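> Questions regarding the structure given below will be posed in turn.
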Amino acid sequence: MERRSATALQCSQDLGSSPEAAFSLICEVEKWPVWLSFATTVRRLDENTPLGLGSEVAVRCAIPGEEEELYEVDQFLDGHIVSLVGAYSLRRRIDFRVERKTGRSKVVVRVDYPAYGGILGSLIDRMTARRRLDRALGDSLVHFKGLVEFKDVPADEILADF
């Protein structure tokens, strides 16, 4: 059983699309900045192979405002789970999970990173960066929902009721 961090941020969103479509969009890591608002750049180090177990991904985030960091995919279950762990800090994690529901799906995202500086540093982080990151994560899943639900809809059908 996986240990959960007390400081991890978790957000979920019900989707009106197939889990395959949601997982496919998650695996397109280069498109994360389109919907994952706190990610400024994301790239796979080996662009010639599909995302899978052991893949290395470089991520630059606006919150908490770090330099580009290297992550490795340490859990990958095709169609269900992509979990990235920091290459230099096992306390840095980004987890994506897609759950199948009857005719629908649900995406769950969990982000965890350490706050340094003892109790004071943790308190300051909780009041500043972590609070902004929590809001950004919720907003990002709304963007994700819009992208995945309207990805396969023809353009003339989207505006048909206007």
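Every chain in the structure tokens has a letter given in the order shown (A, B, ...), and although residue numbers restart at 1 in each chain, ligands are simply numbered from 1 in the order shown.
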Residues near His80 in chain A, anyone? I mean within 12 Å using only C-alpha atoms, not counting same-chain ones fewer than 3 positions away, as a list of chain:residue names.
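My list of contacting residues is A:Ser18, A:Pro19, A:Glu20, A:Ala21, A:Ala22, A:Phe23, A:Ser24, A:Leu25, A:Ile26, A:Cys27, A:Gly52, A:Gln75, A:Phe76, A:Leu77, A:Ser83, A:Asp95, A:Phe96, A:Arg97, A:Val98, A:Glu99, A:Arg100, A:Ser105, A:Lys106, A:Val107, A:Val108, A:Val109.
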> To one decimal in Å, tell me the separation between CA of Leu51 in chain A and CA of Glu67 in chain A.
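It comes out at 22.4 Å.
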> I'd like the neighbourhood of Lys31 in chain A as a VMD selection string, where a residue qualifies if any of its atoms comes within 10 Å (using only C-alpha atoms), though same-chain residues fewer than 6 positions away should be ignored.
chain A and resid 25 39 41 to 43
> With all heavy atoms retained, export the selected residues as a compact mmCIF listing (two decimals), in the first residue's frame.

```txt
# COMPACT_ATOMS: atom_id res chain seq x y z
N LEU A 25 -4.28 12.07 -23.46
CA LEU A 25 -3.88 13.46 -23.27
C LEU A 25 -2.85 13.59 -22.15
O LEU A 25 -1.93 14.40 -22.26
CB LEU A 25 -5.11 14.33 -22.98
CG LEU A 25 -4.88 15.83 -22.92
CD1 LEU A 25 -4.30 16.36 -24.23
CD2 LEU A 25 -6.19 16.55 -22.62
N ALA A 39 2.61 24.48 -14.85
CA ALA A 39 3.74 23.95 -15.62
C ALA A 39 4.05 24.91 -16.76
O ALA A 39 3.18 25.20 -17.59
CB ALA A 39 3.42 22.57 -16.16
N THR A 41 7.05 24.62 -18.83
CA THR A 41 7.57 23.77 -19.91
C THR A 41 7.67 22.33 -19.40
O THR A 41 8.01 22.09 -18.25
CB THR A 41 8.97 24.20 -20.40
OG1 THR A 41 9.89 24.13 -19.32
CG2 THR A 41 8.95 25.59 -21.00
N VAL A 42 7.38 21.40 -20.29
CA VAL A 42 7.51 19.97 -19.99
C VAL A 42 8.03 19.30 -21.26
O VAL A 42 7.51 19.55 -22.34
CB VAL A 42 6.16 19.35 -19.58
CG1 VAL A 42 6.33 17.89 -19.24
CG2 VAL A 42 5.54 20.08 -18.41
N ARG A 43 9.03 18.46 -21.10
CA ARG A 43 9.56 17.75 -22.27
C ARG A 43 10.11 16.39 -21.85
O ARG A 43 10.62 16.24 -20.74
CB ARG A 43 10.63 18.57 -22.97
CG ARG A 43 11.84 18.86 -22.12
CD ARG A 43 12.85 19.78 -22.81
NE ARG A 43 13.92 20.12 -21.90
CZ ARG A 43 15.01 19.39 -21.72
NH1 ARG A 43 15.18 18.27 -22.38
NH2 ARG A 43 15.93 19.76 -20.86
```
> I'd like the contact shell of Leu45 in chain A - 7 Å cut-off, only C-alpha atoms, skipping same-chain residues fewer than 6 positions apart - returned as a ChimeraX atom specification.
/A:56-58
> Take the residues from that selection and write them out as a PDB file, in the first residue's frame, keeping N, CA, C and O atoms.

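Writing the result to selection17.pdb gives the following:
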```pdb
ATOM      1  N   GLU A  56      12.187   9.616 -18.760  1.00  0.00           N
ATOM      2  CA  GLU A  56      12.616  10.800 -18.031  1.00  0.00           C
ATOM      3  C   GLU A  56      11.941  12.028 -18.614  1.00  0.00           C
ATOM      4  O   GLU A  56      11.879  12.206 -19.830  1.00  0.00           O
ATOM      5  N   VAL A  57      11.411  12.874 -17.726  1.00  0.00           N
ATOM      6  CA  VAL A  57      10.651  14.052 -18.110  1.00  0.00           C
ATOM      7  C   VAL A  57      11.222  15.257 -17.374  1.00  0.00           C
ATOM      8  O   VAL A  57      11.400  15.210 -16.157  1.00  0.00           O
ATOM      9  N   ALA A  58      11.523  16.329 -18.119  1.00  0.00           N
ATOM     10  CA  ALA A  58      11.999  17.571 -17.511  1.00  0.00           C
ATOM     11  C   ALA A  58      10.809  18.512 -17.371  1.00  0.00           C
ATOM     12  O   ALA A  58      10.086  18.764 -18.332  1.00  0.00           O
TER      13      ALA A  58
END
```
> Quick one: residues within 8 Å of Ser140 in chain A, only C-alpha atoms counted, chain neighbours fewer than 5 positions away excluded, as a PyMOL selection string?
chain A and resi 35-37
> For Arg91 in chain A, find every residue with an atom within 8 Å (counting only C-alpha atoms), except residues of its own chain fewer than 4 positions away, and show them as a list in words.
Val85, Gly86, Asp112, Tyr113 and Pro114 of chain A
> How many Å separate CA of Gly54 in chain A from CA of Asp134 in chain A?
27.5 Å
> If I take CA of Ser55 in chain A and CA of Phe150 in chain A, how far is one from the other in Å, to one decimal?
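Interatomic distance here is 28.4 Å.
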> Near Glu68 in chain A, within 8 Å and counting only C-alpha atoms, which residues show up once chain neighbours fewer than 5 positions away are dropped, as JSON, numbers by chain?
{"A": [58, 59, 60, 61]}
> Write the residues of the selection above to a file with N, CA and C atoms, as a PDB file, in the first residue's frame.

```pdb
ATOM      1  N   ALA A  58      11.523  16.329 -18.119  1.00  0.00           N
ATOM      2  CA  ALA A  58      11.999  17.571 -17.511  1.00  0.00           C
ATOM      3  C   ALA A  58      10.809  18.512 -17.371  1.00  0.00           C
ATOM      4  N   VAL A  59      10.594  19.027 -16.146  1.00  0.00           N
ATOM      5  CA  VAL A  59       9.434  19.866 -15.844  1.00  0.00           C
ATOM      6  C   VAL A  59       9.917  21.172 -15.218  1.00  0.00           C
ATOM      7  N   ARG A  60       9.387  22.284 -15.719  1.00  0.00           N
ATOM      8  CA  ARG A  60       9.632  23.590 -15.112  1.00  0.00           C
ATOM      9  C   ARG A  60       8.281  24.139 -14.676  1.00  0.00           C
ATOM     10  N   CYS A  61       8.160  24.489 -13.405  1.00  0.00           N
ATOM     11  CA  CYS A  61       6.893  24.963 -12.851  1.00  0.00           C
ATOM     12  C   CYS A  61       7.003  26.411 -12.395  1.00  0.00           C
TER      13      CYS A  61
END
```
